[in-house]
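A short write-up of the structure that comes next.
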Amino acid sequence: SLLSMKIQHGFTLVEVLVALLVLSIMAAMAWQGVDGIVRTRDASQRQLEQTLRLQTVLAQWQTDLAAVQDTGAVPPLVFDGATLRMTRGTPDGVQVVAWSLKPESNDNAWRRWASRSATTGAALQDSWFASQQLMGSEPGQLRTVEGVSQWQVYFFQGNAWSNAQSTGNVAAPPAGAASGAVPRQALPSGVRVVLSFAPGSGMSGTLTRDIMLGP
């Protein structure tokens, strides 16, 4: 009798190709899921870091304003539309602090600069003059918050918020001032800052923060 031959059934080439196609689709779907999870995690981490940094910067902003000191040698608090300058009391004297945003630089960075503490009126005036010549790359000038497209500052005077560049209350000349002294603008009782964030910065809309100054 003839030997019966065992016929072994295998996979055809078409079946193998179909199986590979199915596996590649499943792998792609799995990769997209993992990639989406990683992207979401990274975005959440960046958002958290930006929020923490912004809170730290605003805490420094509040600390600076809380220490504003009127020496009579230079204006204690002035905003020109791009830079807010103030004289801040320190344990070693008085320093000039400048917060600025210069749209013409197109870097959307809110910056802070602080001078060395001065102990004489002349030294303080030199620091004040230096704060008016800042270009953005000076030592001690920090990029505090990125992605700020514009900012606005308001002073609380006369029981109302008004543009910080408008004329405010007039302060009486300091004791001992010569007759005919030029009237000086009084310190406001509060400062409001409104930050607008640029698209793609990771922050959205605007942020408003009110700081009440001491008596």
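Residue numbers start at 1 in each chain; chains themselves are named A, B, ... in the order of the structure tokens; ligands are numbered from 1 in the order shown.
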
Find the spatial neighbours of range 56-70 of chain A, counting only C-alpha atoms, within a cut-off of 12 Å - ignore same-chain residues fewer than 6 positions away - and output them as a ChimeraX atom specification.
-> /A:49-50,76-78,84-91,93-100,110-114,121,124,142-146,155,171,173-174,184-195,207-215

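Take the candidates A:Asp107, A:Pro139, A:Ala122, A:Arg116 and check each one against Ala198 in chain A using only C-alpha atoms; the shortest distance goes to A:Asp107.
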
Mind pulling up the distance from CA of Thr71 in chain A to CA of Gln133 in chain A?
-> 21.4 Å

What separation in Å, quoted to one decimal, exists between CA of Ala73 in chain A and CA of Trp128 in chain A?
-> 9.7 Å

Would you mind telling me which residue in A:Asn159, A:Ser115, A:Gln141, A:Thr12 lies nearest to Ser127 in chain A when using only C-alpha atoms?
->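 Once distances to Ser127 in chain A are computed over only C-alpha atoms, the minimum belongs to A:Ser115.
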
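Between CA of Ala82 in chain A and CA of Gln152 in chain A lies a distance of 8.8 Å.
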
Write out as a PyMOL selection string which residues come within 9 Å of Pro199 in chain A when counting only C-alpha atoms, dropping same-chain ones fewer than 3 positions away.
-> chain A and resi 147+149+202-205

Which of range 72-130 of chain A DSSP labels alpha helix (DSSP H), written as a ChimeraX atom specification = /A:121-130

Grab the residues selected above and save them as a tab-separated table (two decimals), in the first residue's frame with all heavy atoms.
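out_3.tsv, freshly written:
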chain	number	residue	atom	x	y	z
A	121	GLY	N	21.91	110.73	49.32
A	121	GLY	CA	21.02	111.19	48.27
A	121	GLY	C	21.67	111.17	46.91
A	121	GLY	O	21.04	110.84	45.90
A	122	ALA	N	22.97	111.54	46.85
A	122	ALA	CA	23.68	111.56	45.57
A	122	ALA	C	23.78	110.16	44.97
A	122	ALA	O	23.58	109.97	43.77
A	122	ALA	CB	25.07	112.17	45.77
A	123	ALA	N	24.09	109.18	45.81
A	123	ALA	CA	24.20	107.81	45.32
A	123	ALA	C	22.86	107.29	44.84
A	123	ALA	O	22.77	106.57	43.84
A	123	ALA	CB	24.76	106.90	46.42
A	124	LEU	N	21.80	107.67	45.55
A	124	LEU	CA	20.47	107.23	45.15
A	124	LEU	C	20.07	107.86	43.82
A	124	LEU	O	19.46	107.22	42.96
A	124	LEU	CB	19.46	107.60	46.24
A	124	LEU	CG	18.04	107.06	46.05
A	124	LEU	CD1	18.03	105.54	46.00
A	124	LEU	CD2	17.13	107.56	47.16
A	125	GLN	N	20.43	109.12	43.62
A	125	GLN	CA	20.15	109.79	42.35
A	125	GLN	C	20.91	109.14	41.20
A	125	GLN	O	20.38	109.01	40.09
A	125	GLN	CB	20.49	111.27	42.46
A	125	GLN	CG	19.53	112.05	43.35
A	125	GLN	CD	19.98	113.48	43.58
A	125	GLN	OE1	21.06	113.88	43.16
A	125	GLN	NE2	19.14	114.28	44.25
A	126	ASP	N	22.14	108.70	41.47
A	126	ASP	CA	22.91	107.98	40.44
A	126	ASP	C	22.22	106.68	40.06
A	126	ASP	O	22.15	106.32	38.88
A	126	ASP	CB	24.33	107.70	40.94
A	126	ASP	CG	25.19	108.95	41.02
A	126	ASP	OD1	24.81	109.97	40.40
A	126	ASP	OD2	26.22	108.92	41.73
A	127	SER	N	21.71	105.97	41.05
A	127	SER	CA	21.00	104.71	40.79
A	127	SER	C	19.72	104.97	40.00
A	127	SER	O	19.36	104.21	39.10
A	127	SER	CB	20.67	103.99	42.10
A	127	SER	OG	21.85	103.61	42.78
A	128	TRP	N	19.04	106.06	40.34
A	128	TRP	CA	17.81	106.43	39.63
A	128	TRP	C	18.11	106.74	38.17
A	128	TRP	O	17.39	106.31	37.26
A	128	TRP	CB	17.15	107.62	40.31
A	128	TRP	CG	15.82	107.99	39.72
A	128	TRP	CD1	15.57	108.92	38.76
A	128	TRP	CD2	14.56	107.42	40.05
A	128	TRP	NE1	14.24	108.97	38.47
A	128	TRP	CE2	13.58	108.06	39.25
A	128	TRP	CE3	14.15	106.44	40.95
A	128	TRP	CZ2	12.23	107.75	39.33
A	128	TRP	CZ3	12.79	106.13	41.03
A	128	TRP	CH2	11.86	106.77	40.22
A	129	PHE	N	19.20	107.46	37.93
A	129	PHE	CA	19.60	107.77	36.56
A	129	PHE	C	19.95	106.49	35.81
A	129	PHE	O	19.59	106.32	34.64
A	129	PHE	CB	20.79	108.73	36.56
A	129	PHE	CG	21.28	109.07	35.18
A	129	PHE	CD1	20.59	109.97	34.37
A	129	PHE	CD2	22.44	108.49	34.69
A	129	PHE	CE1	21.04	110.28	33.09
A	129	PHE	CE2	22.89	108.78	33.41
A	129	PHE	CZ	22.20	109.68	32.61
A	130	ALA	N	20.65	105.57	36.48
A	130	ALA	CA	21.02	104.29	35.85
A	130	ALA	C	19.78	103.50	35.46
A	130	ALA	O	19.75	102.82	34.43
A	130	ALA	CB	21.91	103.48	36.78
